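I have placed the structure first, in the form of structure tokens, so that the comments after it can refer back to it.
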Protein chains: 2
Amino acid sequence: MPKTSGKREKLVDSAGKLFHQVGFNQTSLADIAEDSGVPLGNVHYYFKTKAELILEVLNHRSERLKSWYEELNELPSPKERLVAMIDDTLTLRHKLAKYGCPVGSLCQELDKEREPISKKADGLIKMQLKWISEQFVELGKKNAEELSLQLIASLHGTAVVGNALKSPKIIEEELGRLKSWVKAM
Amino acid sequence: MPKTSGKREKLVDSAGKLFHQVGFNQTSLADIAEDSGVPLGNVHYYFKTKAELILEVLNHRSERLKSWYEELNELPSPKERLVAMIDDTLTLRHKLAKYGCPVGSLCQELDKEREPISKKADGLIKMQLKWISEQFVELGKKNAEELSLQLIASLHGTAVVGNALKSPKIIEEELGRLKSWVKAM
DNA sequence: GTCTATATGTTGATAGAC
DNA sequence: GTCTATCAACATATAGAC
């Protein structure tokens with residue numbers, strides 16, 4: 001455990017940001033060092049390899065996803081939770097259009113990397129599927145699995161298309177449609 | 001124009017295959033040279049830079065997409081065309097689960113590259129949106145744009161999720177659902 | 001714990017013989 | 001047109017002074 005510096009956190013934050021914005025392979029350790037204000041040589045004190053760093057970034061993302069779902073779970077009804085999830089996503093539409101989905105784009109890129117990196121990335125999508133599925137189960141849907149697959153696929157696809165076309169508007173439209181779909185259930 | 005060798009085509013084929021399977025950034029010119037049987041140094045006779053090579057790969061993909069749509073357009077009704085499009089995609093489910101969508105994954109990765117590469121990649125998704133939209137227009141739908149966005153987002157999202165979870169079955173299920181959706185229109 | 005300097009390997013790209 | 005040999009730049013990773 002470090003005493004106070006917080007350099008480890010800064011490195012993870014910068015890495016997460018840059019991996020999302022310019023991709024894992026196109027982000028060098030030098031870039032991360034510069035962005036976080038940590039000298040290049042010092043990076044290896046905290047993370048022996050680049051693989052260790054991306055694993056930590058994925059852990060952080062996993063934690064944040066978990067916290068988010070815990071927050072959403074405070075809402076009384078599953079329908080409200082799903083709507084709130086979509087609304088929160090809507091807030092990010094400009095970043096999504098600019099850089100793509102922080103989960104989906106990393107999954108695609110890291111899918112080609114060796115274990116355990118790709119496994120960890122895939123786990124994020126499994127978490128998403130699981131939480132959404134739970135909401136549909138609580139809504140009394142027999143085909144909760146299928147519905148959650150449908151919803152998460154639409155969400156990820158919207159990010160892909162919105163990002164390709166650099167259009168927050170497209171994301172807004174599609175999320176609006178999905179919200180109506182959930183509300184009408 | 002080359003006389004007979006066909007090495008240029010071999011290079012483009014290998015590049016397209018490897019870019020899809022392991023990604024653009026993770027594929028070196030040496031990899032492409034080896035896969036195509038063309039000596040490394042000779043690659044630069046055909047393509048001055050790696051950027052030129054990816055542009056040619058994107059051109060090929062664009063041509064293939066165009067040919068595909070021309071074939072589909074032979075079918076009498078727009079509904080049949082859409083169903084055939086989904087059925088053709090279904091055929092590729094194992095490759096999609098293994099490597100992701102050849103269009104979507106490249107778009108995501110090349111999005112961060114400099115012009116004109118990213119533009120060319122985005123153009124592929126625009127082609128898809130355009131063709132699907134035309135089918136819905138011909139089906140008499142007033143909200144053809146919205147429907148085509150919905151369909152293409154579902155398709156790309158299915159590829160992302162199916163690839164992340166390495167599941168051709170998921171792709172099969174979701175494409176089956178989309179097919180029913182189109183048929184019921 | 002922090003940093004400078006550097007080792008080591010790989011990449012995209014070139015030069016020039018054939 | 002084809003290929004061998006090689007350059008220069010950049011990457012990750014390490015060694016070791018402070």
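Numbering starts fresh at 1 for the residues of each chain in the structure tokens, the chains themselves are lettered A, B, ... in the order given, and ligands are numbered from 1 as they appear.
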10 Å contacts from chain D to chain B using only C-alpha atoms (C1' of nucleotides), as a ChimeraX atom specification: /D:1-5
Segment 108-178 of chain B: residues DSSP assigns to helix (DSSP H, G or I), reported as a VMD selection string: chain B and resid 108 to 110 117 to 138 144 to 164 168 to 178
Between atom CA of Glu71 of chain A and atom CA of Ser148 of chain A - distance in Å to one decimal: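 Computing the Euclidean distance for atom CA of Ser148 of chain A and atom CA of Glu71 of chain A yields 19.2 Å.
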Near-Leu139 of chain B list (9 Å; only C-alpha atoms (C1' of nucleotides); drop same-chain fewer than 5 positions) as a list of chain:residue names: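 Skipping anything fewer than 5 positions along the chain leaves B:Ser77, B:Pro78, B:Lys79, B:Glu134, B:Ala144, B:Met185.
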Residues of chain A within 6 Å of chain B, counting only C-alpha atoms, as a count of residues only: 9
Chain B residues near chain C (8 Å cut-off, only C-alpha atoms (C1' of nucleotides)) as a count of residues only: 5
